[in-house]
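Coordinates from final21.txt are shown below (compact mmCIF, C-alpha atoms).
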```
# COMPACT_ATOMS: atom_id res chain seq x y z
CA MET K 107 67.29 70.19 69.25
CA LEU K 108 64.20 70.94 71.37
CA SER K 109 66.23 71.23 74.57
CA LEU K 110 68.59 73.68 72.85
CA ARG K 111 65.56 75.71 71.73
CA ARG K 112 64.13 75.85 75.25
CA LYS K 113 67.44 77.12 76.64
CA LEU K 114 67.61 79.96 74.12
CA ARG K 115 66.15 82.99 75.86
CA LEU K 116 67.68 86.42 76.15
CA ASP K 117 66.41 88.84 78.77
CA THR K 118 66.70 92.60 78.45
CA GLU K 119 65.40 95.35 80.69
CA ARG K 120 62.02 95.53 78.95
CA MET K 121 61.84 92.37 76.85
CA VAL K 122 62.25 88.65 76.54
CA LEU K 123 63.79 87.45 73.28
CA ARG K 124 62.95 83.86 72.42
CA PRO K 125 62.42 81.66 69.35
CA PRO K 126 59.02 81.77 67.65
CA MET K 127 56.41 79.20 68.71
CA HIS K 128 53.29 77.95 66.94
CA SER K 129 51.15 79.83 69.48
CA ASP K 130 52.64 83.13 68.22
CA PHE K 131 50.75 82.91 64.92
CA ASN K 132 47.85 85.23 65.76
CA PRO K 133 49.89 88.07 67.29
CA TRP K 134 52.56 87.73 64.55
CA SER K 135 50.08 87.79 61.66
CA ALA K 136 48.15 90.71 63.21
CA LEU K 137 51.31 92.77 63.78
CA ARG K 138 52.70 92.04 60.32
CA ASN K 139 49.35 92.80 58.69
CA ASP K 140 48.91 96.07 60.61
CA SER K 141 52.52 97.10 59.82
CA GLU K 142 52.61 95.99 56.17
CA GLU K 143 52.79 99.48 54.66
CA PHE K 144 55.45 100.50 57.20
CA LEU K 145 57.61 97.41 56.51
CA ALA K 146 57.12 96.85 52.76
CA LYS K 147 59.62 99.45 51.56
CA TRP K 148 62.41 97.86 53.63
CA GLU K 149 61.74 94.12 53.12
CA PRO K 150 61.72 91.54 50.34
CA SER K 151 58.29 91.29 48.68
CA TRP K 152 55.90 89.14 50.64
CA ALA K 153 54.68 85.89 49.10
CA GLU K 154 50.92 85.61 48.57
CA ASP K 155 50.67 83.28 51.55
CA HIS K 156 53.04 85.32 53.77
CA LEU K 157 50.47 85.80 56.54
CA SER K 158 49.03 82.27 56.37
CA ARG K 159 49.19 79.79 59.22
CA ARG K 160 51.01 77.33 56.94
CA ALA K 161 53.74 79.85 56.09
CA PHE K 162 54.13 80.70 59.78
CA THR K 163 54.35 77.00 60.70
CA ASN K 164 57.17 76.68 58.17
CA ARG K 165 58.92 79.64 59.84
CA VAL K 166 58.70 77.94 63.24
CA TYR K 167 60.09 74.68 61.81
CA TRP K 168 62.90 76.59 60.09
CA ALA K 169 63.70 78.39 63.36
CA ASN K 170 63.95 75.11 65.26
CA ARG K 171 66.19 73.54 62.60
CA ALA K 172 68.40 76.63 62.34
CA ILE K 173 68.89 76.83 66.10
CA GLY K 174 69.54 73.09 66.27
CA ASN K 175 72.19 73.10 63.55
CA GLY K 176 73.75 76.39 64.65
CA SER K 177 73.12 78.27 61.39
CA ALA K 178 70.85 81.00 62.82
CA VAL K 179 69.35 82.47 65.99
CA PRO K 180 65.81 83.69 65.15
CA LEU K 181 64.10 85.46 68.05
CA PHE K 182 60.82 87.22 68.71
CA LEU K 183 60.78 90.36 70.86
CA LEU K 184 58.16 90.15 73.61
CA ARG K 185 57.51 93.04 75.97
CA ARG K 186 57.83 91.88 79.59
CA SER K 187 54.98 93.96 80.97
CA ASP K 188 52.26 92.40 78.82
CA ASN K 189 53.89 89.71 76.63
CA MET K 190 53.10 91.80 73.53
CA LEU K 191 54.94 90.77 70.35
CA LEU K 192 56.95 93.78 69.14
CA GLY K 193 59.02 92.40 66.26
CA ALA K 194 61.81 89.97 65.51
CA ILE K 195 65.58 89.81 65.20
CA THR K 196 67.65 87.10 63.56
CA LEU K 197 71.35 86.36 63.61
CA ASP K 198 71.53 84.37 60.38
CA ASN K 199 74.11 82.91 58.04
CA ILE K 200 76.35 81.97 60.98
CA ARG K 201 79.71 80.96 59.57
CA ARG K 202 82.30 78.99 61.48
CA GLY K 203 85.88 78.09 60.61
CA PRO K 204 88.10 81.07 59.90
CA ALA K 205 85.16 83.51 59.54
CA GLN K 206 83.31 83.18 62.90
CA ALA K 207 80.69 85.63 61.67
CA GLY K 208 76.96 86.11 61.26
CA THR K 209 74.48 88.49 59.65
CA LEU K 210 71.94 90.48 61.63
CA GLY K 211 68.43 91.21 60.38
CA TYR K 212 65.45 92.68 62.21
CA TRP K 213 62.00 94.21 61.94
CA ILE K 214 59.73 96.01 64.40
CA GLY K 215 56.00 96.58 64.24
CA GLU K 216 55.03 100.14 63.38
CA PRO K 217 53.41 100.91 66.78
CA PHE K 218 56.69 100.06 68.54
CA ALA K 219 59.20 101.77 66.23
CA ARG K 220 61.57 104.40 67.59
CA ARG K 221 61.02 103.48 71.24
CA GLY K 222 64.39 101.83 71.84
CA TYR K 223 63.17 98.23 71.73
CA MET K 224 65.27 97.21 68.75
CA ARG K 225 68.39 98.84 70.19
CA GLU K 226 67.88 96.75 73.32
CA ALA K 227 67.42 93.63 71.19
CA ILE K 228 70.51 94.31 69.07
CA ASP K 229 72.64 94.85 72.17
CA ALA K 230 71.43 91.54 73.63
CA VAL K 231 71.96 89.54 70.43
CA VAL K 232 75.40 91.03 69.77
CA HIS K 233 76.45 90.23 73.34
CA TYR K 234 75.10 86.67 72.96
CA ALA K 235 76.91 86.27 69.62
CA PHE K 236 80.26 87.39 71.00
CA ASP K 237 80.03 85.91 74.48
CA ARG K 238 78.11 82.65 74.00
CA LEU K 239 78.59 81.81 70.32
CA ASP K 240 82.20 83.06 70.25
CA LEU K 241 81.69 84.92 66.98
CA SER K 242 84.17 87.57 65.95
CA ARG K 243 82.07 89.64 63.55
CA ILE K 244 78.41 90.61 63.16
CA GLU K 245 77.38 92.13 59.84
CA ALA K 246 74.28 94.12 58.96
CA ALA K 247 73.04 95.86 55.84
CA CYS K 248 70.31 98.38 55.14
CA LEU K 249 69.09 100.63 52.38
CA PRO K 250 71.05 103.89 52.17
CA GLU K 251 67.88 105.97 52.66
CA ASN K 252 66.81 104.05 55.78
CA LYS K 253 68.07 106.68 58.20
CA ALA K 254 66.35 105.09 61.20
CA SER K 255 68.08 101.74 60.67
CA ARG K 256 71.44 103.34 59.93
CA GLY K 257 71.22 105.44 63.08
CA LEU K 258 70.18 102.40 65.10
CA LEU K 259 73.17 100.37 63.90
CA GLU K 260 75.57 103.23 64.55
CA LYS K 261 74.19 103.79 68.07
CA ALA K 262 74.61 100.05 68.70
CA GLY K 263 78.33 100.33 67.85
CA PHE K 264 78.26 99.06 64.27
CA LYS K 265 80.69 100.77 61.93
CA TYR K 266 80.05 101.67 58.31
CA GLU K 267 82.14 99.52 55.98
CA GLY K 268 80.96 100.23 52.46
CA VAL K 269 78.36 99.64 49.80
CA ALA K 270 77.09 96.44 48.16
CA GLN K 271 75.56 96.97 44.74
CA SER K 272 72.33 95.04 44.02
CA TYR K 273 72.67 93.34 47.41
CA LEU K 274 69.09 92.20 48.06
CA GLN K 275 65.71 92.24 46.36
CA ILE K 276 63.64 94.68 48.37
CA ASP K 277 60.05 95.53 47.54
CA GLY K 278 60.42 93.67 44.23
CA ARG K 279 63.70 95.05 42.87
CA TRP K 280 67.44 94.66 43.38
CA ARG K 281 68.66 97.32 45.77
CA THR K 282 72.06 98.62 46.77
CA HIS K 283 72.73 98.47 50.53
CA VAL K 284 75.16 100.09 52.92
CA LEU K 285 77.16 97.62 54.98
CA TYR K 286 77.92 97.78 58.68
CA ALA K 287 79.78 95.50 61.08
CA SER K 288 80.41 95.08 64.78
CA LEU K 289 83.63 93.36 65.80
CA ARG K 290 84.19 91.63 69.10
CA LEU K 291 87.56 93.31 69.55
CA ASP K 292 86.83 96.55 67.73
CA ARG K 293 89.66 99.03 67.91
CA ARG K 294 88.41 101.09 64.99
CA GLY K 295 87.49 104.68 65.64
CA ARG K 296 84.24 106.21 64.49
CA THR K 297 83.72 105.93 60.74
CA ASP K 298 81.52 108.25 58.73
CA ALA K 299 78.66 106.69 56.82
CA GLY K 300 78.88 107.02 53.06
```
If you convert what's in this file into structure tokens, what do you get?
Amino acid sequence: MLSLRRKLRLDTERMVLRPPMHSDFNPWSALRNDSEEFLAKWEPSWAEDHLSRRAFTNRVYWANRAIGNGSAVPLFLLRRSDNMLLGAITLDNIRRGPAQAGTLGYWIGEPFARRGYMREAIDAVVHYAFDRLDLSRIEAACLPENKASRGLLEKAGFKYEGVAQSYLQIDGRWRTHVLYASLRLDRRGRTDAG
């Protein structure tokens, strides 16, 4: 499992994407704390101990297990120029058998939003999922009013597929989401978002 984790590194023009490590606690907790107001309206409610070292340690252990058993690919986004933590992206709920699919989730710290970092990360993870993991479908969901995330997914080649009622608990209540997908062999034309 550890050797698999060490091999998992995606390089983009401006970033290195790699699994979280215990030594990431301070930059992660600082970025999450500083970006809490920016992130809260788009994420599940944070537990009381969300920013604690213990909770972060559990995240690192989960990441190692998930990578080892092939159920997820959780990665931190680190800027090449200064090794600054920018955010995270996870390909989760990887399903094998006839589905060959996974679900994409991501967050970016407020100071780094709308600078193209997440688009770069999505492109790298989607390529990795199709090329290295041999997945056929990557799914993503976001709140209908999250125009930035919807635009990001559409620019990254994801197509609108519909609406899921009461899909996730976000900021303490069940919220409807719009659904997007990217297919390895996508022959669909552009679809208009609902």
Skip K:Leu274 itself and residues of its chain fewer than 4 positions away, then list as a PyMOL selection string all residues within 9 Å of it, counting only C-alpha atoms. chain K and resi 150+279-283
Just the selected residues (C-alpha atoms), exported as a compact mmCIF listing (two decimals), in the frame of the given file, please.
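As written to disk, again_32.txt reads:
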```
# COMPACT_ATOMS: atom_id res chain seq x y z
CA PRO K 150 61.72 91.54 50.34
CA ARG K 279 63.70 95.05 42.87
CA TRP K 280 67.44 94.66 43.38
CA ARG K 281 68.66 97.32 45.77
CA THR K 282 72.06 98.62 46.77
CA HIS K 283 72.73 98.47 50.53
```
Could you tell me how far atom CA of K:Gly176 sits from atom CA of K:Tyr223, in Å to one decimal place? 25.3 Å
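Distance annotation: of K:Arg124, K:Lys265, K:Pro250, K:Asp277, the residue with the minimal separation from K:Arg185 is K:Arg124; atom set is only C-alpha atoms.
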Give the answer as one residue: which of K:Arg243, K:Arg238, K:Arg165, K:Lys253 has the shortest atom-to-atom distance to K:Arg220, using only C-alpha atoms? K:Lys253
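We find atom CA of K:Pro217 and atom CA of K:Ala247 to be spaced 23.0 Å apart.
Using all atoms listed in the file, the nearest neighbour of K:Ile173 within the list K:Ala161, K:Ile276, K:Ile200, K:Ile214 is K:Ile200.
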Who sits within 8 Å of K:Thr118, all atoms listed in the file, same chain under 6 positions skipped, as a PDB file with C-alpha atoms, in the frame of the given file:
```pdb
ATOM      1  CA  GLU K 226      67.880  96.750  73.320  1.00  0.00           C
ATOM      2  CA  ALA K 227      67.420  93.630  71.190  1.00  0.00           C
ATOM      3  CA  ALA K 230      71.430  91.540  73.630  1.00  0.00           C
TER       4      ALA K 230
END
```
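For the choices K:Ile195, K:Val284, K:Ala246, K:Ala172, the atom-to-atom distance to K:Val122 is smallest for K:Ile195 when using all atoms listed in the file.
Residues lying within 10 Å of K:Ala205, counting only C-alpha atoms and ignoring same-chain neighbours fewer than 3 positions away, are Ile200, Arg201, Arg202, Gly208, Leu241, Ser242 and Arg243 of chain K.
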Mind checking which residues fall within 10 Å of K:Glu149, counting all atoms listed in the file, ignoring those fewer than 4 positions away in the same chain, and posting them as a list in words? Glu142, Phe144, Leu145, Tyr212, Trp213, Cys248, Leu249, Leu274, Gln275, Ile276, Asp277 and Gly278 of chain K
Please identify all polymer residues lying at most 10 Å from the point (58.2, 92.2, 71.6) (file coordinates), using all atoms listed in the file, and present the result as a PyMOL selection string. chain K and resi 120-124+181-186+188-194+214-215+218+223-224+227
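Computed from the coordinates, the atom CA of K:Asp198 to atom CA of K:Ala169 distance equals 10.3 Å.
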Kindly indicate which residue among K:Ser288, K:Pro204, K:Gly211, K:Gly257 lies nearest to K:His233, using all atoms listed in the file for the distances. K:Ser288
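Nearest residue to K:Arg225 among K:Asp140, K:Asp240, K:Glu251, K:Glu119 is K:Glu119, counting only C-alpha atoms.
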